[in-house]
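J.: I'd like to ask you about the structure that follows.
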Amino acid sequence: MKELISLAVTAILIENIVLYSFLGICPFLGVSSNKKSAIGMGLAVIFVVTISAVVAWLLYTYILVPFEMVYMKTIVFILVIASLVQIIEILIKKISLSLYKSLGIYLPLITTNCAVLGVATIVASEDYSFIKALVFSFSSAVGFLLVLFIFSTLRQKIATAPVPEGFKGVPISLITAGIMAMIFVRFAGII
Amino acid sequence: MKDFTKGLWEENPVFVGLLGLCSVLAISVSIQNAIGMGVALTFVLVFSNVIISLLKKIIPYEIRIPMYIVIIATLVTIVDMVMNAYLFELHASLGIFIPLIVVNCIILGRAEGFASKNSVSRSFLDGLGMGIGYTLSLIILSLIREILGSGTITIWENIVIDINKLFQDQGTLLLFTDLFLKPSGAFIIFGLLLGVISTIKINRKKKLGDKV
């Protein structure tokens with residue numbers, strides 16, 4: 001249990017998926033301009049990352065490894081993710097139209113979010129057990145939501161700050177992200 | 001010719017397009033990494049552009065994206081296996097960013113935006129230009145980060161220029177901080193570079209505006 005908690009805290013705070021592993025930078029810079037879309041995107045990512053990492057883990061452990069086809073993992077994972085996103089999109093549309101309206105627009109974008117394939121690849125290459133894979137993928141995605149949300153609130157402040165003209169937009173966002181990364185690294189002290 | 005040169009500056013995928021930033025920020029800690037990653041990506045980009053351009057009349061429009069992804073993933077797997085066999089250490093230091101070339105927006109972007117509409121030779125040049133543009137941007141960023149971070153320039157395995165030592169021999173002690181090798185350094189240096197580039201662009205526009 002202790003091990004799982006420390007795995008979760010590490011994945012959320014210290015080795016944060018955006019600020020430490022550099023996964024999912026595109027949506028991080030693109031969608032984080034307002035709070036509402038940051039939360040929507042974050043929730044959609046939690047959904048897709050957890051489900052696809054679990055499915056990828058099952059396929060890897062019970063099909064690719066026994067049949068000695070580990071070299072096929074990139075192709076298999078990306079196809080699984082692409083089709084999963086489609087299935088999730090259809091399911092959400094059936095189950096709740098209001099949820100579909102708030103998450104739906106972010107789902108197609110997620111296929112090419114490298115956080116999804118990245119987490120699936122890490123889970124496969126680290127030889128995690130099933131529970132560990134579940135905890136790791138879920139908390140990595142929670143870390144994504146956390147950083148995306150904090151960043152969206154920061155950006156609303158930056159929008160009104162006197163930033164030099166050339167640095168407006170992406171450059172100042174990147175520098176802010178750098179300072180945030182410095183802070184997140186220091187969370188290593190709590191473990 | 002324009003197809004080749006536009007990737008280098010005008011439509012540079014990294015500094016202008018802001019594409020594929022994940023790998024750019026993550027692996028730019030030494031020039032060796034930058035060259036390795038750049039060559040890997042250029043290989044995949046050139047071949048995926050050529051193959052997709054060859055098949056553009058055969059691939060049905062509705063399922064083109066899955067087809068592109070399969071082609072790209074196959075090429076990435078080839079690169080992954082070849083690097084694992086012949087360049088084991090480099091492969092280890094690039095880590096998961098080699099398989100992640102599959103979801104690099106540069107490649108899918110060029111496939112959808114260029115190769116699926118243009119001839120094979122033009123797609124080849126476009127891929128080559130974009131790939132070299134990506135590699136050069138990566139080298140620039142790595143150069144700055146490596147000099148500031150560790151005081152060395154690692155061009156390839158044993159070919160290392162040790163600036164730190166060069167100055168120490170003359171009795172000057174320079175301080176290098178590994179902050180620039182850490183993730184935060186990547187964000188800050190890249191942010192500053194982008195800021196400087198866009199400031200130069202704005203100033204140039206202003207000058208042109210004054211003349212008109």
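Labeling convention for the structure tokens: chains A, B, ... as they appear, residues from 1 per chain, ligands from 1 in order of appearance.
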Considering only C-alpha atoms, return as a list of chain:residue names whatever protein or nucleic-acid residues lie within 10 Å of Pro108 of chain A, sequence-local ones (same chain, fewer than 3 positions apart) excluded.

T.: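 Listed by chain and then number, they are A:Ala82, A:Val85, A:Gln86, A:Glu89, A:Gly104, A:Ile105, A:Thr111, A:Thr112, A:Asn113.
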
J.: Taking only C-alpha atoms into account, find every residue of chain B that has an atom no more than 7 Å from chain A, and write it out as an NGL selection string.

T.: :B and (21-22 or 25-26 or 70 or 73-74 or 77 or 96 or 99-100 or 103 or 183-185 or 187-188 or 191-192 or 194-196 or 198-199 or 202)

J.: Hey, can you spit out that residue selection with C-alpha atoms as a short mmCIF file (atom, residue, chain, number, x, y, z; two decimals), in the first residue's frame?

T.:
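Wrote it out as again-v4.cif, contents follow:
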data_model
loop_
_atom_site.label_atom_id
_atom_site.label_comp_id
_atom_site.auth_asym_id
_atom_site.auth_seq_id
_atom_site.Cartn_x
_atom_site.Cartn_y
_atom_site.Cartn_z
CA LEU B 21 7.83 20.18 -28.70
CA CYS B 22 7.71 17.18 -26.35
CA LEU B 25 12.36 19.90 -24.84
CA ALA B 26 13.03 16.46 -23.42
CA VAL B 70 0.18 2.39 -39.45
CA ALA B 73 4.36 3.29 -36.77
CA THR B 74 6.01 0.68 -39.00
CA THR B 77 9.55 0.43 -35.27
CA ILE B 96 10.55 6.58 -24.94
CA PRO B 99 8.53 5.24 -30.06
CA LEU B 100 6.79 8.57 -29.48
CA VAL B 103 2.49 10.72 -32.41
CA PRO B 183 13.31 20.18 -17.27
CA SER B 184 12.83 23.73 -15.97
CA GLY B 185 15.90 24.88 -17.91
CA PHE B 187 11.24 25.40 -20.75
CA ILE B 188 12.98 28.65 -19.86
CA GLY B 191 10.79 30.29 -24.07
CA LEU B 192 13.57 32.90 -24.19
CA LEU B 194 11.11 32.01 -29.01
CA GLY B 195 10.70 35.42 -27.37
CA VAL B 196 13.91 36.74 -28.92
CA SER B 198 9.52 37.00 -32.28
CA THR B 199 10.94 40.29 -30.96
CA ILE B 202 8.32 42.44 -34.76
#

J.: Between B:Ile189, B:Ile155, B:Leu45, B:Leu108, which is the closest to Ile65 of chain B once you count only C-alpha atoms?

T.: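 Using only C-alpha atoms, Ile65 of chain B sits closest to B:Leu108.
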
J.: Tell me, as a PDB file with N, CA and C atoms, in the first residue's frame, which residues lie within 6 Å of segment 8-11 of chain A, counting only C-alpha atoms; anything in the same chain fewer than 4 positions away does not count.

T.:
ATOM      1  N   GLU A  15       7.485  13.531 -10.517  1.00  0.00           N
ATOM      2  CA  GLU A  15       7.806  13.250 -11.911  1.00  0.00           C
ATOM      3  C   GLU A  15       6.572  13.519 -12.750  1.00  0.00           C
ATOM      4  N   ASN A  16       6.079  14.751 -12.599  1.00  0.00           N
ATOM      5  CA  ASN A  16       4.855  15.130 -13.304  1.00  0.00           C
ATOM      6  C   ASN A  16       4.995  14.914 -14.800  1.00  0.00           C
ATOM      7  N   SER A 139      -2.731   8.217 -11.841  1.00  0.00           N
ATOM      8  CA  SER A 139      -2.161   9.391 -11.169  1.00  0.00           C
ATOM      9  C   SER A 139      -1.343  10.258 -12.132  1.00  0.00           C
ATOM     10  N   SER A 140      -0.741   9.662 -13.154  1.00  0.00           N
ATOM     11  CA  SER A 140      -0.071  10.495 -14.160  1.00  0.00           C
ATOM     12  C   SER A 140      -1.066  11.445 -14.805  1.00  0.00           C
TER      13      SER A 140
END

J.: Could you jot down the atom CA of Leu138 of chain B to atom CA of Ile27 of chain B separation for me, Å, one decimal place?

T.: 8.6 Å

J.: Which residue, A:Ser129, A:Lys157, A:Val163, A:Phe151, has the smallest gap to Thr61 of chain A when you use only C-alpha atoms?

T.: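 Closest candidate: A:Ser129.
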
J.: Measuring atom to atom with only C-alpha atoms, identify which of B:Gly7, B:Gly127, B:Gly17, B:Gly38 is nearest to Ala115 of chain B.

T.: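 Of all the options, B:Gly127 lies closest to Ala115 of chain B.
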
J.: To one decimal place, how far is atom CA of Ala111 of chain B from atom CA of Asn49 of chain B in Å?

T.: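 Distance between the two atoms: 5.8 Å.
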
J.: How would you write, as a ChimeraX atom specification, the set of residues in segment 10-131 of chain A that DSSP gives as helix (DSSP H, G or I)?

T.: /A:10-14,25-30,35-64,70-95,97-110,114-125,130-131

J.: Given the selection you just returned, output its residues as a file containing C-alpha atoms, formatted as a short mmCIF file (atom, residue, chain, number, x, y, z; two decimals), in the first residue's frame.

T.:
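Writing the result to part_15.cif gives the following:
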data_model
loop_
_atom_site.label_atom_id
_atom_site.label_comp_id
_atom_site.auth_asym_id
_atom_site.auth_seq_id
_atom_site.Cartn_x
_atom_site.Cartn_y
_atom_site.Cartn_z
CA THR A 10 5.66 10.61 -7.48
CA ALA A 11 3.58 10.41 -10.65
CA ILE A 12 1.34 13.35 -9.72
CA LEU A 13 3.84 15.79 -8.25
CA ILE A 14 7.52 14.95 -8.55
CA ILE A 25 3.08 19.70 -24.23
CA CYS A 26 0.89 20.51 -27.25
CA PRO A 27 -2.47 20.40 -25.39
CA PHE A 28 -0.72 21.97 -22.39
CA LEU A 29 0.08 25.08 -24.46
CA GLY A 30 -3.00 24.95 -26.67
CA LYS A 35 -10.18 27.20 -16.85
CA LYS A 36 -13.21 25.45 -18.28
CA SER A 37 -11.48 23.91 -21.27
CA ALA A 38 -8.48 22.99 -19.09
CA ILE A 39 -10.73 20.94 -16.82
CA GLY A 40 -12.58 19.39 -19.75
CA MET A 41 -9.38 18.37 -21.45
CA GLY A 42 -7.89 17.12 -18.17
CA LEU A 43 -10.88 14.90 -17.40
CA ALA A 44 -10.91 13.50 -20.94
CA VAL A 45 -7.20 12.72 -20.61
CA ILE A 46 -7.71 10.94 -17.25
CA PHE A 47 -10.39 8.82 -18.88
CA VAL A 48 -8.43 7.89 -21.97
CA VAL A 49 -4.98 7.49 -20.37
CA THR A 50 -6.20 5.14 -17.64
CA ILE A 51 -8.32 2.94 -19.92
CA SER A 52 -5.75 2.77 -22.71
CA ALA A 53 -2.85 2.06 -20.34
CA VAL A 54 -4.80 -0.79 -18.75
CA VAL A 55 -5.77 -2.25 -22.14
CA ALA A 56 -2.21 -1.81 -23.41
CA TRP A 57 -0.89 -3.56 -20.28
CA LEU A 58 -3.26 -6.51 -20.78
CA LEU A 59 -2.33 -6.85 -24.45
CA TYR A 60 1.37 -6.55 -23.68
CA THR A 61 1.42 -9.09 -20.84
CA TYR A 62 -0.98 -11.68 -22.24
CA ILE A 63 -0.45 -11.44 -25.99
CA LEU A 64 2.75 -9.68 -27.02
CA VAL A 70 7.28 -7.26 -28.17
CA TYR A 71 8.73 -5.38 -31.14
CA MET A 72 5.17 -4.81 -32.39
CA LYS A 73 4.25 -2.83 -29.28
CA THR A 74 4.35 0.67 -30.81
CA ILE A 75 2.06 -0.31 -33.70
CA VAL A 76 -0.32 -2.26 -31.46
CA PHE A 77 -0.52 0.49 -28.82
CA ILE A 78 -1.24 3.31 -31.23
CA LEU A 79 -3.97 1.31 -32.98
CA VAL A 80 -5.50 0.37 -29.63
CA ILE A 81 -5.47 4.00 -28.50
CA ALA A 82 -6.96 5.30 -31.75
CA SER A 83 -9.79 2.78 -31.68
CA LEU A 84 -10.37 3.20 -27.93
CA VAL A 85 -10.81 6.93 -28.36
CA GLN A 86 -13.41 6.25 -31.06
CA ILE A 87 -15.26 3.75 -28.85
CA ILE A 88 -15.19 6.04 -25.82
CA GLU A 89 -16.51 8.87 -27.95
CA ILE A 90 -19.45 6.76 -29.17
CA LEU A 91 -20.17 5.42 -25.66
CA ILE A 92 -20.16 8.84 -24.04
CA LYS A 93 -22.49 10.11 -26.75
CA LYS A 94 -24.93 7.27 -25.95
CA ILE A 95 -24.69 7.53 -22.17
CA LEU A 97 -25.20 13.96 -24.10
CA SER A 98 -24.20 16.72 -21.67
CA LEU A 99 -20.94 14.93 -20.83
CA TYR A 100 -20.34 14.47 -24.55
CA LYS A 101 -20.81 18.17 -25.15
CA SER A 102 -18.22 19.09 -22.50
CA LEU A 103 -15.65 16.33 -23.20
CA GLY A 104 -16.46 15.34 -26.76
CA ILE A 105 -14.52 18.04 -28.57
CA TYR A 106 -11.32 17.11 -26.76
CA LEU A 107 -11.47 13.39 -27.50
CA PRO A 108 -10.28 13.44 -31.15
CA LEU A 109 -7.34 15.61 -30.08
CA ILE A 110 -6.25 13.01 -27.55
CA CYS A 114 1.83 11.85 -26.67
CA ALA A 115 0.93 11.48 -23.00
CA VAL A 116 -1.38 8.59 -23.88
CA LEU A 117 1.11 6.58 -25.91
CA GLY A 118 3.88 7.66 -23.52
CA VAL A 119 2.16 6.32 -20.41
CA ALA A 120 1.25 3.07 -22.19
CA THR A 121 4.89 2.64 -23.28
CA ILE A 122 6.25 3.41 -19.79
CA VAL A 123 3.81 0.96 -18.18
CA ALA A 124 4.94 -1.77 -20.60
CA SER A 125 8.66 -1.08 -20.31
CA PHE A 130 -1.59 -4.73 -12.92
CA ILE A 131 -2.43 -2.67 -9.83
#

J.: Determine, counting only C-alpha atoms, which protein, DNA and RNA residues have an atom within 10 Å of an atom of Leu90 of chain B; residues of the same chain fewer than 3 positions away are not included. Present the result as a ChimeraX atom specification.

T.: /B:32-33,36-37,83-84,86-87,93-95,156-157

J.: Could those selected residues go to a file with C-alpha atoms, as an mmCIF file, in the first residue's frame?

T.:
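What follows is the written file again.cif:
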data_model
loop_
_atom_site.group_PDB
_atom_site.id
_atom_site.type_symbol
_atom_site.label_atom_id
_atom_site.label_comp_id
_atom_site.auth_asym_id
_atom_site.auth_seq_id
_atom_site.Cartn_x
_atom_site.Cartn_y
_atom_site.Cartn_z
ATOM 1 C CA GLN B 32 24.714 13.842 -29.568
ATOM 2 C CA ASN B 33 21.110 13.321 -28.492
ATOM 3 C CA GLY B 36 20.421 11.059 -32.987
ATOM 4 C CA MET B 37 16.848 12.210 -32.555
ATOM 5 C CA MET B 83 19.052 2.028 -33.091
ATOM 6 C CA ASN B 84 18.655 -0.526 -30.322
ATOM 7 C CA TYR B 86 23.723 -0.509 -33.352
ATOM 8 C CA LEU B 87 23.539 2.563 -31.086
ATOM 9 C CA SER B 93 19.278 8.027 -23.491
ATOM 10 C CA LEU B 94 16.518 8.941 -25.980
ATOM 11 C CA GLY B 95 14.238 6.507 -24.140
ATOM 12 C CA TRP B 156 29.576 12.337 -30.769
ATOM 13 C CA GLU B 157 30.535 9.841 -28.072
#

J.: Between atom CA of Ile139 of chain B and atom CA of Ile31 of chain B, measure the distance and give it in Å to one decimal.

T.: 5.8 Å

J.: For Asn34 of chain A, list every protein, DNA or RNA residue within 10 Å, evaluated using only C-alpha atoms, and leave out those in the same chain fewer than 6 positions away; present the list as a ChimeraX atom specification.

T.: /A:148-149,151-156

J.: Go ahead and dump the residues you just picked, C-alpha atoms, as a CSV table (one decimal), in the first residue's frame.

T.:
chain,number,residue,atom,x,y,z
A,148,LEU,CA,-3.2,22.2,-16.7
A,149,PHE,CA,-5.6,23.7,-14.2
A,151,PHE,CA,-1.5,26.8,-15.5
A,152,SER,CA,-4.8,28.0,-16.9
A,153,THR,CA,-5.4,30.2,-13.9
A,154,LEU,CA,-1.8,31.6,-14.2
A,155,ARG,CA,-2.4,32.4,-17.8
A,156,GLN,CA,-5.4,34.5,-17.0

J.: Hey, what's within 10 Å of Lys132 of chain A if we count only C-alpha atoms and toss same-chain stuff fewer than 2 positions away? As a list in words, please?

T.: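 Near Lys132 of chain A, the qualifying residues are Glu3, Leu4, Leu7, Ala8, Val123, Asp127, Tyr128, Ser129, Phe130, Leu134, Val135, Phe136, Ser137 and Phe138 of chain A.
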
J.: Contacts of Val76 of chain B at 8 Å or less, counting only C-alpha atoms, minus same-chain residues fewer than 4 places along, as a list in words?

T.: Val44, Ile72, Asp80, Ile98, Pro99, Ile101 and Val102 of chain B

J.: Could you tell me which of B:Ile71, B:Ile52, B:Ala92, B:Leu128 comes closest to Gly113 of chain B if we count only C-alpha atoms?

T.: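 Nearest candidate to Gly113 of chain B out of B:Ile71, B:Ile52, B:Ala92, B:Leu128: B:Ile52.
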